Structure formats: structure tokens, C-alpha cells
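Enquirer: File follows, input-v8.cif with mmCIF, C-alpha atoms:
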data_final
loop_
_atom_site.group_PDB
_atom_site.id
_atom_site.type_symbol
_atom_site.label_atom_id
_atom_site.label_comp_id
_atom_site.auth_asym_id
_atom_site.auth_seq_id
_atom_site.Cartn_x
_atom_site.Cartn_y
_atom_site.Cartn_z
ATOM 1 C CA MET B 1 -33.171 -54.685 -31.471
ATOM 2 C CA PRO B 2 -35.859 -55.776 -33.936
ATOM 3 C CA ASP B 3 -35.858 -54.194 -37.351
ATOM 4 C CA MET B 4 -38.677 -51.655 -37.575
ATOM 5 C CA PRO B 5 -38.118 -49.828 -40.833
ATOM 6 C CA ASP B 6 -41.464 -48.059 -40.985
ATOM 7 C CA GLN B 7 -41.890 -46.967 -37.409
ATOM 8 C CA GLY B 8 -39.554 -43.966 -37.333
ATOM 9 C CA PRO B 9 -41.617 -41.571 -39.408
ATOM 10 C CA THR B 10 -45.035 -42.867 -38.374
ATOM 11 C CA LEU B 11 -44.882 -42.967 -34.582
ATOM 12 C CA ALA B 12 -44.786 -39.502 -33.108
ATOM 13 C CA LEU B 13 -45.910 -37.667 -30.034
ATOM 14 C CA ALA B 14 -46.176 -34.135 -28.761
ATOM 15 C CA LEU B 15 -46.495 -33.390 -25.072
ATOM 16 C CA ALA B 16 -46.520 -30.092 -23.170
ATOM 17 C CA PHE B 17 -47.043 -29.417 -19.495
ATOM 18 C CA ASP B 18 -45.770 -27.244 -16.692
ATOM 19 C CA PHE B 19 -44.737 -27.870 -13.120
ATOM 20 C CA ALA B 20 -43.226 -26.245 -10.026
ATOM 21 C CA SER B 21 -39.486 -25.712 -9.527
ATOM 22 C CA THR B 22 -38.895 -28.480 -6.979
ATOM 23 C CA PRO B 23 -36.835 -31.693 -7.182
ATOM 24 C CA VAL B 24 -39.953 -33.815 -6.592
ATOM 25 C CA GLU B 25 -41.836 -32.124 -9.444
ATOM 26 C CA VAL B 26 -38.765 -32.567 -11.667
ATOM 27 C CA ARG B 27 -38.815 -36.279 -10.894
ATOM 28 C CA GLY B 28 -42.483 -36.425 -11.879
ATOM 29 C CA ALA B 29 -41.781 -34.615 -15.150
ATOM 30 C CA LEU B 30 -38.943 -37.002 -16.007
ATOM 31 C CA GLU B 31 -41.142 -40.006 -15.359
ATOM 32 C CA ARG B 32 -43.841 -38.548 -17.567
ATOM 33 C CA VAL B 33 -41.399 -38.019 -20.441
ATOM 34 C CA ALA B 34 -39.974 -41.525 -19.981
ATOM 35 C CA ARG B 35 -43.453 -43.078 -20.110
ATOM 36 C CA ALA B 36 -44.265 -41.115 -23.265
ATOM 37 C CA LEU B 37 -41.062 -42.271 -24.991
ATOM 38 C CA ASP B 38 -41.718 -45.835 -23.856
ATOM 39 C CA GLY B 39 -45.044 -45.579 -25.650
ATOM 40 C CA ILE B 40 -43.392 -44.894 -28.996
ATOM 41 C CA GLY B 41 -40.782 -47.597 -28.758
ATOM 42 C CA TRP B 42 -37.813 -46.118 -26.913
ATOM 43 C CA ASP B 43 -36.023 -48.780 -24.882
ATOM 44 C CA ALA B 44 -34.889 -48.352 -21.278
ATOM 45 C CA GLU B 45 -31.331 -47.352 -22.114
ATOM 46 C CA THR B 46 -32.166 -44.680 -24.690
ATOM 47 C CA ARG B 47 -34.987 -43.350 -22.497
ATOM 48 C CA GLY B 48 -32.487 -43.175 -19.651
ATOM 49 C CA THR B 49 -30.195 -40.960 -21.724
ATOM 50 C CA VAL B 50 -33.001 -38.479 -22.440
ATOM 51 C CA GLU B 51 -34.026 -38.573 -18.778
ATOM 52 C CA LEU B 52 -30.474 -37.834 -17.695
ATOM 53 C CA VAL B 53 -30.035 -34.829 -20.000
ATOM 54 C CA LEU B 54 -33.449 -33.480 -19.055
ATOM 55 C CA ALA B 55 -32.742 -34.054 -15.342
ATOM 56 C CA GLU B 56 -29.519 -32.071 -15.548
ATOM 57 C CA ALA B 57 -31.195 -29.193 -17.395
ATOM 58 C CA LEU B 58 -34.167 -29.100 -14.993
ATOM 59 C CA ASN B 59 -31.994 -29.422 -11.865
ATOM 60 C CA ASN B 60 -30.012 -26.455 -13.133
ATOM 61 C CA ILE B 61 -33.201 -24.392 -13.419
ATOM 62 C CA VAL B 62 -34.374 -25.415 -9.936
ATOM 63 C CA GLU B 63 -31.014 -24.780 -8.277
ATOM 64 C CA HIS B 64 -29.684 -21.798 -10.227
ATOM 65 C CA ALA B 65 -32.345 -20.004 -12.290
ATOM 66 C CA TYR B 66 -34.806 -20.133 -9.370
ATOM 67 C CA GLY B 67 -32.105 -20.437 -6.687
ATOM 68 C CA GLY B 68 -33.955 -23.201 -4.858
ATOM 69 C CA ALA B 69 -37.224 -21.243 -4.548
ATOM 70 C CA PRO B 70 -40.056 -23.779 -4.910
ATOM 71 C CA ASP B 71 -42.648 -21.428 -6.420
ATOM 72 C CA GLY B 72 -41.129 -20.983 -9.877
ATOM 73 C CA ARG B 73 -42.803 -22.542 -12.907
ATOM 74 C CA ILE B 74 -41.144 -24.638 -15.576
ATOM 75 C CA GLN B 75 -42.762 -25.325 -18.941
ATOM 76 C CA LEU B 76 -41.696 -28.399 -20.847
ATOM 77 C CA ALA B 77 -42.550 -29.408 -24.400
ATOM 78 C CA LEU B 78 -41.544 -32.716 -25.940
ATOM 79 C CA ASP B 79 -41.787 -33.474 -29.635
ATOM 80 C CA ALA B 80 -40.605 -36.973 -30.433
ATOM 81 C CA THR B 81 -40.562 -39.827 -32.889
ATOM 82 C CA ALA B 82 -39.036 -43.278 -32.497
ATOM 83 C CA GLY B 83 -35.691 -41.791 -33.559
ATOM 84 C CA ARG B 84 -35.489 -38.345 -32.025
ATOM 85 C CA ALA B 85 -36.705 -36.338 -29.036
ATOM 86 C CA ASP B 86 -36.771 -32.549 -29.160
ATOM 87 C CA LEU B 87 -37.255 -30.742 -25.854
ATOM 88 C CA VAL B 88 -38.061 -27.094 -25.216
ATOM 89 C CA ILE B 89 -37.810 -25.893 -21.626
ATOM 90 C CA ARG B 90 -38.941 -22.450 -20.502
ATOM 91 C CA ASP B 91 -38.631 -20.749 -17.144
ATOM 92 C CA SER B 92 -38.806 -17.216 -15.788
ATOM 93 C CA GLY B 93 -35.911 -17.497 -13.337
ATOM 94 C CA GLY B 94 -32.521 -15.846 -13.509
ATOM 95 C CA ALA B 95 -30.550 -15.806 -16.746
ATOM 96 C CA MET B 96 -27.598 -18.047 -17.490
ATOM 97 C CA PRO B 97 -24.344 -16.240 -16.630
ATOM 98 C CA GLY B 98 -23.373 -14.097 -19.626
ATOM 99 C CA HIS B 99 -26.639 -15.169 -21.313
ATOM 100 C CA ARG B 100 -24.924 -18.220 -22.692
ATOM 101 C CA LEU B 101 -24.786 -21.920 -21.898
ATOM 102 C CA PRO B 102 -22.016 -23.109 -19.571
ATOM 103 C CA ALA B 103 -19.013 -24.642 -21.306
ATOM 104 C CA GLY B 104 -19.408 -27.929 -19.479
ATOM 105 C CA ALA B 105 -15.725 -28.750 -19.338
ATOM 106 C CA PRO B 106 -15.008 -32.302 -18.231
ATOM 107 C CA VAL B 107 -14.387 -32.670 -14.522
ATOM 108 C CA ASP B 108 -10.969 -34.120 -13.860
ATOM 109 C CA PRO B 109 -11.266 -36.767 -11.150
ATOM 110 C CA ASP B 110 -7.522 -36.604 -10.474
ATOM 111 C CA VAL B 111 -7.212 -32.916 -9.605
ATOM 112 C CA CYS B 112 -5.256 -32.517 -6.369
ATOM 113 C CA GLY B 113 -6.802 -35.652 -4.910
ATOM 114 C CA ASP B 114 -9.909 -33.625 -4.044
ATOM 115 C CA LEU B 115 -12.779 -35.364 -5.746
ATOM 116 C CA PRO B 116 -15.511 -33.243 -7.253
ATOM 117 C CA GLU B 117 -19.044 -33.658 -5.923
ATOM 118 C CA GLY B 118 -20.563 -31.516 -8.643
ATOM 119 C CA GLY B 119 -19.951 -29.852 -11.961
ATOM 120 C CA PHE B 120 -20.921 -32.858 -14.048
ATOM 121 C CA GLY B 121 -24.272 -31.560 -15.238
ATOM 122 C CA TRP B 122 -23.447 -29.448 -18.276
ATOM 123 C CA TYR B 123 -20.675 -31.812 -19.254
ATOM 124 C CA LEU B 124 -23.220 -34.646 -19.457
ATOM 125 C CA ILE B 125 -25.727 -32.481 -21.347
ATOM 126 C CA ARG B 126 -23.126 -31.445 -23.915
ATOM 127 C CA ARG B 127 -21.862 -34.992 -24.318
ATOM 128 C CA LEU B 128 -25.300 -36.496 -24.929
ATOM 129 C CA ALA B 129 -27.346 -33.847 -26.741
ATOM 130 C CA SER B 130 -27.105 -33.555 -30.507
ATOM 131 C CA HIS B 131 -28.163 -29.894 -30.504
ATOM 132 C CA LEU B 132 -28.458 -27.203 -27.824
ATOM 133 C CA SER B 133 -29.672 -23.647 -28.034
ATOM 134 C CA TYR B 134 -30.436 -21.052 -25.395
ATOM 135 C CA ARG B 135 -32.201 -17.718 -25.600
ATOM 136 C CA ARG B 136 -32.968 -15.145 -22.971
ATOM 137 C CA THR B 137 -35.856 -12.878 -23.912
ATOM 138 C CA GLU B 138 -38.193 -10.690 -21.878
ATOM 139 C CA GLY B 139 -37.211 -12.200 -18.557
ATOM 140 C CA CYS B 140 -37.568 -15.785 -19.712
ATOM 141 C CA ASN B 141 -35.099 -18.560 -20.453
ATOM 142 C CA ARG B 142 -35.712 -20.860 -23.392
ATOM 143 C CA LEU B 143 -33.529 -23.932 -23.703
ATOM 144 C CA GLU B 144 -33.903 -26.271 -26.645
ATOM 145 C CA ILE B 145 -32.335 -29.721 -26.567
ATOM 146 C CA HIS B 146 -32.362 -32.260 -29.367
ATOM 147 C CA MET B 147 -31.634 -35.902 -28.642
ATOM 148 C CA ARG B 148 -31.037 -38.501 -31.327
ATOM 149 C CA ARG B 149 -31.166 -42.238 -30.930
ATOM 150 C CA ALA B 150 -27.823 -43.521 -32.133
ATOM 151 C CA ASP B 151 -29.240 -47.038 -32.499
ATOM 152 C CA HIS B 152 -32.148 -45.981 -34.669
ATOM 153 C CA ALA B 153 -32.170 -45.640 -38.454
ATOM 154 C CA GLY B 154 -34.511 -42.650 -38.314
ATOM 155 C CA GLY B 155 -32.301 -40.865 -35.801
ATOM 156 C CA GLY B 156 -29.710 -39.449 -38.140
ATOM 157 C CA THR B 157 -31.769 -36.748 -39.797
ATOM 158 C CA GLY B 158 -32.278 -33.128 -38.782
ATOM 159 C CA MET D 1 -34.286 -43.254 1.724
ATOM 160 C CA HIS D 2 -34.322 -46.990 2.272
ATOM 161 C CA LEU D 3 -31.036 -48.848 2.695
ATOM 162 C CA THR D 4 -30.576 -52.461 3.768
ATOM 163 C CA ILE D 5 -27.425 -53.158 5.735
ATOM 164 C CA LEU D 6 -26.111 -56.692 5.467
ATOM 165 C CA GLY D 7 -23.651 -57.384 8.239
ATOM 166 C CA THR D 8 -20.881 -55.221 9.548
ATOM 167 C CA GLY D 9 -18.158 -57.536 8.384
ATOM 168 C CA ASP D 10 -15.587 -57.127 5.696
ATOM 169 C CA PRO D 11 -17.008 -56.159 3.380
ATOM 170 C CA GLN D 12 -20.079 -54.540 4.818
ATOM 171 C CA ILE D 13 -22.849 -54.574 2.205
ATOM 172 C CA ILE D 14 -25.220 -51.624 1.924
ATOM 173 C CA ARG D 15 -28.046 -52.264 -0.514
ATOM 174 C CA VAL D 16 -29.828 -49.215 -1.928
ATOM 175 C CA GLU D 17 -33.548 -50.032 -2.042
ATOM 176 C CA GLU D 18 -34.447 -47.149 -4.321
ATOM 177 C CA GLY D 19 -35.002 -46.951 -8.056
ATOM 178 C CA ARG D 20 -33.528 -43.478 -8.360
ATOM 179 C CA ILE D 21 -30.719 -41.477 -6.791
ATOM 180 C CA ASP D 22 -31.590 -38.012 -8.045
ATOM 181 C CA SER D 23 -31.703 -34.459 -6.741
ATOM 182 C CA ALA D 24 -34.921 -35.201 -4.836
ATOM 183 C CA VAL D 25 -33.082 -37.668 -2.565
ATOM 184 C CA ALA D 26 -29.366 -36.880 -2.956
ATOM 185 C CA ILE D 27 -28.876 -35.273 0.465
ATOM 186 C CA GLN D 28 -30.907 -37.927 2.315
ATOM 187 C CA PHE D 29 -28.983 -40.598 0.431
ATOM 188 C CA LYS D 30 -25.603 -39.184 1.419
ATOM 189 C CA ASP D 31 -26.625 -38.848 5.087
ATOM 190 C CA ALA D 32 -28.182 -42.329 5.141
ATOM 191 C CA VAL D 33 -25.067 -43.970 3.694
ATOM 192 C CA ARG D 34 -22.827 -42.059 6.079
ATOM 193 C CA SER D 35 -24.792 -43.253 9.108
ATOM 194 C CA ALA D 36 -25.068 -46.795 7.727
ATOM 195 C CA VAL D 37 -21.329 -47.259 7.320
ATOM 196 C CA SER D 38 -19.929 -49.290 10.193
ATOM 197 C CA ALA D 39 -16.849 -47.823 11.846
ATOM 198 C CA ASP D 40 -15.429 -51.354 11.948
ATOM 199 C CA ALA D 41 -15.688 -52.096 8.232
ATOM 200 C CA ALA D 42 -12.474 -51.736 6.258
ATOM 201 C CA ARG D 43 -14.425 -52.135 3.047
ATOM 202 C CA VAL D 44 -18.007 -51.163 2.276
ATOM 203 C CA VAL D 45 -19.809 -52.298 -0.865
ATOM 204 C CA LEU D 46 -22.702 -50.190 -2.092
ATOM 205 C CA ASP D 47 -25.117 -52.511 -3.926
ATOM 206 C CA LEU D 48 -26.725 -50.417 -6.684
ATOM 207 C CA GLY D 49 -28.606 -53.303 -8.295
ATOM 208 C CA GLN D 50 -32.011 -51.690 -7.668
ATOM 209 C CA VAL D 51 -30.983 -48.262 -8.976
ATOM 210 C CA GLU D 52 -32.233 -47.632 -12.500
ATOM 211 C CA PHE D 53 -31.503 -43.920 -12.669
ATOM 212 C CA ILE D 54 -28.843 -41.603 -11.307
ATOM 213 C CA ASP D 55 -28.168 -37.963 -12.132
ATOM 214 C CA SER D 56 -25.181 -35.766 -11.329
ATOM 215 C CA SER D 57 -26.547 -34.925 -7.880
ATOM 216 C CA GLY D 58 -26.791 -38.640 -7.107
ATOM 217 C CA LEU D 59 -23.285 -39.154 -8.415
ATOM 218 C CA GLY D 60 -22.084 -36.267 -6.242
ATOM 219 C CA ALA D 61 -23.817 -37.827 -3.237
ATOM 220 C CA ILE D 62 -21.958 -41.126 -3.724
ATOM 221 C CA VAL D 63 -18.666 -39.231 -4.027
ATOM 222 C CA ALA D 64 -19.528 -37.229 -0.891
ATOM 223 C CA ALA D 65 -20.412 -40.415 1.030
ATOM 224 C CA MET D 66 -17.062 -41.878 0.032
ATOM 225 C CA LYS D 67 -15.175 -38.729 1.051
ATOM 226 C CA GLY D 68 -16.912 -38.848 4.431
ATOM 227 C CA MET D 69 -15.467 -42.256 5.261
ATOM 228 C CA ALA D 70 -12.647 -42.730 7.726
ATOM 229 C CA GLN D 71 -8.993 -43.129 6.783
ATOM 230 C CA GLY D 72 -8.379 -46.707 5.757
ATOM 231 C CA GLN D 73 -12.017 -47.342 4.796
ATOM 232 C CA ARG D 74 -12.900 -47.992 1.187
ATOM 233 C CA LEU D 75 -16.207 -47.677 -0.671
ATOM 234 C CA ASP D 76 -16.754 -50.071 -3.573
ATOM 235 C CA LEU D 77 -19.744 -50.207 -5.900
ATOM 236 C CA ALA D 78 -21.530 -53.292 -7.188
ATOM 237 C CA ALA D 79 -24.220 -54.361 -9.667
ATOM 238 C CA LEU D 80 -24.508 -51.169 -11.711
ATOM 239 C CA ARG D 81 -27.410 -51.114 -14.166
ATOM 240 C CA PRO D 82 -26.525 -49.956 -17.712
ATOM 241 C CA MET D 83 -27.718 -46.364 -17.262
ATOM 242 C CA VAL D 84 -25.859 -45.951 -13.963
ATOM 243 C CA ASP D 85 -22.747 -47.576 -15.392
ATOM 244 C CA LYS D 86 -22.850 -45.145 -18.319
ATOM 245 C CA VAL D 87 -22.915 -42.116 -15.990
ATOM 246 C CA PHE D 88 -19.917 -43.407 -14.047
ATOM 247 C CA ARG D 89 -17.969 -44.073 -17.244
ATOM 248 C CA MET D 90 -18.792 -40.745 -18.916
ATOM 249 C CA THR D 91 -17.726 -38.746 -15.865
ATOM 250 C CA ARG D 92 -14.665 -40.978 -15.356
ATOM 251 C CA MET D 93 -15.819 -41.708 -11.827
ATOM 252 C CA ASP D 94 -15.324 -45.369 -12.782
ATOM 253 C CA THR D 95 -11.611 -44.650 -12.289
ATOM 254 C CA ILE D 96 -12.189 -43.526 -8.684
ATOM 255 C CA PHE D 97 -14.257 -46.448 -7.418
ATOM 256 C CA VAL D 98 -13.663 -50.170 -7.607
ATOM 257 C CA ILE D 99 -16.765 -51.396 -9.454
ATOM 258 C CA HIS D 100 -17.855 -55.039 -9.207
ATOM 259 C CA ASP D 101 -20.262 -56.826 -11.546
ATOM 260 C CA SER D 102 -22.215 -58.215 -8.612
ATOM 261 C CA VAL D 103 -22.266 -58.255 -4.819
ATOM 262 C CA GLU D 104 -21.039 -61.840 -4.944
ATOM 263 C CA ALA D 105 -18.051 -60.747 -7.015
ATOM 264 C CA ALA D 106 -17.400 -57.900 -4.579
ATOM 265 C CA CYS D 107 -17.365 -60.333 -1.636
ATOM 266 C CA GLY D 108 -15.128 -62.752 -3.455
ATOM 267 C CA SER D 109 -12.557 -60.171 -4.470
ATOM 268 C CA GLY D 110 -9.760 -59.063 -2.226
ATOM 269 C CA GLY D 111 -10.138 -56.485 0.459
ATOM 270 C CA SER D 112 -7.175 -54.781 1.989
#
Can you dump the structure from the file as C-alpha cells?
Expert:
Amino acid sequence: MPDMPDQGPTLALALAFDFASTPVEVRGALERVARALDGIGWDAETRGTVELVLAEALNNIVEHAYGGAPDGRIQLALDATAGRADLVIRDSGGAMPGHRLPAGAPVDPDVCGDLPEGGFGWYLIRRLASHLSYRRTEGCNRLEIHMRRADHAGGGTG
Amino acid sequence: MHLTILGTGDPQIIRVEEGRIDSAVAIQFKDAVRSAVSADAARVVLDLGQVEFIDSSGLGAIVAAMKGMAQGQRLDLAALRPMVDKVFRMTRMDTIFVIHDSVEAACGSGGS
């Protein structure tokens, strides 16, 4: 990792777009975010972490908030520098149960010898995000996720 | 979903020719691996060297493919890229599968 002391505060981007609630559209959105982060100096591994958290959040909206219906809309806003990526995701699907984020307890691979095929999503989000907030207002979900680059000097603030 | 099957021997190698195993392809992936697995192979090695991204649906699909195998068959993984390796470690699924650094290492190591 080269030393880039001045790049954190100077390189920044803001991106906002919306897309349909389908797995293929989610893939397109992830690739768009990854390309944008690549453009301001995020390496493959740290981009991959943001992509993973975003994938889990978006998959949850597609599968649960919209229940698999392909005609929902998802709005995504990314605000990022070389050291942080802040994401705001909005949808008008169903609310989170109890209007709060799932606990995301770790899945125990040893339980009863019956391996889990799911349930990893919120665990991964909670492990990797530095901040999460969720609000349900006027029929819309708003999820905010902050990601910090652990390897970056500018990533420790906020 | 593109898989390349290399032999039916022990181990049988199934190379995933996709950059991503995500929710867009998870079901096709699981079905494709299930039909690719030879009934004669005691050990199957899934070569993930081309896979740069996996999410929890992709992880679930690999677990489901493994659970669909016959008694006495084993599914190993090989050549995990850093991002994929991280997902397996964080979810502790690295304790469920035998993971090899490379396909060559997988072939050289002991089967049953």
C-alpha cells in the first residue's frame, strides 16, 4: 500500500441512482459502486467488503421488503472518499420486522449437524459496517450504512 | 452458469467459470454443481479460482450443493480469492469444508 497522505480528504465522490428490485439489477448496482470506488483509489479487497455489505442489504430488500416482486424500486446513494463510504438505501417495500434491524446473530455451523444455507446476511453486515441506522417513515425504508477502510489513515474519523 | 468438469476420477475437479456467485445465479449454481458431481467420485474439488465475489446466497448455494451429495462423498474447495476466503472465515464455514490453496494441492492431498 503506497503512502498517500493527501488523498483522503481530496478525493471524493457522490453517486445516486435507482434500479428495479431484481437480483440482476442488484448485481449491476454493485458493479457500479465498485467501479466508482475503484476510481477514487479503493483496492479490490476493500471494494469487495463494501460490495458484500451492500449485496446483503440489497438482497434483503429484494427478497423480503419486496418479497421477490421484480417491480419494486430501490434508490441508492453513495458518498465516499478514499477512506470511507457512506451508503443510503431507500425502498418502498415492507418494513423490517418490529421496525428494527435484525440482530444478525452468528450462525453456528455445528448446530445439530444440520448446516445452515442462509442467515448469514445480517451477521456479515453487522460485522463489517462501522455504523448502521434504519428508519421506517411514510411507507418507506431508509437504511444508512457507513463503511470505513481499516487500512486507510483517513478512515478513522466520523 | 458455466462449470468445467475435469475428469470423474478421485478427486473430480469442478471449475467454476464465473466471476461471481451471487443471488442472481445462486440457484442455477447449486443445480449445476449437483448435476456435475459424478456419482463415482468419492471426493469432489470445487475450483473457485475464477470467483472474485460471493455473497451469502452464493455461500448458501455451496453449502446446499454439499448437502445434496451422496453419503461417503466429500466436497472440498480450492483456490479461494481473498474476498471469498474472507466470507468463508467470517461465517466459520471454513471449519465445514476442507479448503486447499490450489487445485494442485487438493489433488496431492489425501482423499479417503
Enquirer: Counting only C-alpha atoms, which residues come within 12 Å of (-18.0, -36.2, 0.1), with the point read in the file's coordinates, and could you list them as number ranges by chain?
Expert: B: 114-118; D: 26-27, 29-31, 33-34, 57-70, 75
Enquirer: Show me which bits of chain B are within 7 Å of chain D, counting all atoms listed in the file, as a PyMOL selection string.
Expert: chain B and resi 23-24+45+48+52+55-56+109+117-118+120-121
Enquirer: Between B:Leu58, B:Ser21, B:Arg47, B:Ala103, single out the one closest to Arg84 (chain B), counting all atoms listed in the file.
Expert: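 Residue with the minimum atom-to-atom distance to Arg84 (chain B): B:Arg47.
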Enquirer: I would like the residues chosen by the PyMOL selection byres ((chain B and resi 100) around 12) on the shown file; could you give them as a list in words?
Expert: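 Applied to this file, the PyMOL selection byres ((chain B and resi 100) around 12) returns Ala95, Met96, Pro97, Gly98, His99, Leu101, Pro102, Ala103, Gly104, Leu132, Ser133, Tyr134, Arg135, Arg136, Asn141, Arg142 and Leu143 of chain B.
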Enquirer: Care to translate the PyMOL selection byres ((chain D and resi 47) around 8) into actual residues of this file, as a PDB file with C-alpha atoms, in the coordinates of the input?
Expert:
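So out29.pdb came out as:
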ATOM      1  CA  ILE D  13     -22.849 -54.574   2.205  1.00  0.00           C
ATOM      2  CA  ILE D  14     -25.220 -51.624   1.924  1.00  0.00           C
ATOM      3  CA  ARG D  15     -28.046 -52.264  -0.514  1.00  0.00           C
ATOM      4  CA  VAL D  16     -29.828 -49.215  -1.928  1.00  0.00           C
ATOM      5  CA  VAL D  45     -19.809 -52.298  -0.865  1.00  0.00           C
ATOM      6  CA  LEU D  46     -22.702 -50.190  -2.092  1.00  0.00           C
ATOM      7  CA  LEU D  48     -26.725 -50.417  -6.684  1.00  0.00           C
ATOM      8  CA  GLY D  49     -28.606 -53.303  -8.295  1.00  0.00           C
ATOM      9  CA  GLN D  50     -32.011 -51.690  -7.668  1.00  0.00           C
ATOM     10  CA  LEU D  77     -19.744 -50.207  -5.900  1.00  0.00           C
ATOM     11  CA  ALA D  78     -21.530 -53.292  -7.188  1.00  0.00           C
ATOM     12  CA  ALA D  79     -24.220 -54.361  -9.667  1.00  0.00           C
ATOM     13  CA  LEU D  80     -24.508 -51.169 -11.711  1.00  0.00           C
ATOM     14  CA  SER D 102     -22.215 -58.215  -8.612  1.00  0.00           C
ATOM     15  CA  VAL D 103     -22.266 -58.255  -4.819  1.00  0.00           C
TER      16      VAL D 103
END
Enquirer: Using only C-alpha atoms, pick whichever of D:Gln28, D:Ile99, D:Gln73, D:Val44 has the shortest atom-to-atom distance to Gln12 (chain D).
Expert: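 Smallest separation from Gln12 (chain D) among the options: D:Val44.
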Enquirer: Separation of CA of Ile145 (chain B) and CA of Ile125 (chain B), in Å?
Expert: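 So the two atoms, CA of Ile145 (chain B) and CA of Ile125 (chain B), lie 8.9 Å apart.
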Enquirer: Up to 10 Å from (-37.5, -19.1, -14.4) in the file's coordinates: name the residues, counting all atoms listed in the file, as a list in words.
Expert: Ser21, Ile61, Val62, His64, Ala65, Tyr66, Gly67, Asp71, Gly72, Arg73, Ile74, Gln75, Ile89, Arg90, Asp91, Ser92, Gly93, Gly94, Ala95, Gly139, Cys140, Asn141 and Arg142 of chain B
Enquirer: Could you jot down the CA of Ala16 (chain B) to CA of Leu78 (chain B) separation for me, Å, one decimal place?
Expert: 6.3 Å
Enquirer: Quick one: what's the axis-aligned box for region 56-67 of chain D, all listed atoms, 4 Å on every side, centre and edges in Å to one decimal, as lines of an AutoDock Vina configuration file?
Expert:
center_x = -21.0
center_y = -38.4
center_z = -5.1
size_x = 19.6
size_y = 15.0
size_z = 20.4
Enquirer: Any chance you could resolve the PyMOL selection byres ((chain B and resi 126-128) around 8) against this file and give the residues as an NGL selection string?
Expert: :B and (49 or 53 or 104 or 122-125 or 129-130 or 132 or 147)
Enquirer: Report as an NGL selection string all protein, DNA and RNA residues lying within 10 Å of Ala77 (chain B), evaluated on all atoms listed in the file, omitting residues in the same chain fewer than 2 positions from it.
Expert: :B and (14-18 or 33 or 75 or 79-80 or 86-90 or 144)
Enquirer: Looking at D:Ile21, D:Cys107, D:Val51, D:Ala36, which one is nearest to Asp76 (chain D), with distances taken over all atoms listed in the file?
Expert: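 Looking at the shortest contact to Asp76 (chain D), the residue is D:Cys107.
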Enquirer: Please, what distance in Å, to one decimal, runs between CA of Thr81 (chain B) and CA of Gly19 (chain D)?
Expert: 26.4 Å
Enquirer: I need the residue nearest Trp42 (chain B) from this list: B:Arg27, B:Gly68, B:Ala85, B:Leu54. Use only C-alpha atoms for the distance.
Expert: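 Ranking B:Arg27, B:Gly68, B:Ala85, B:Leu54 by distance to Trp42 (chain B), first place goes to B:Ala85.
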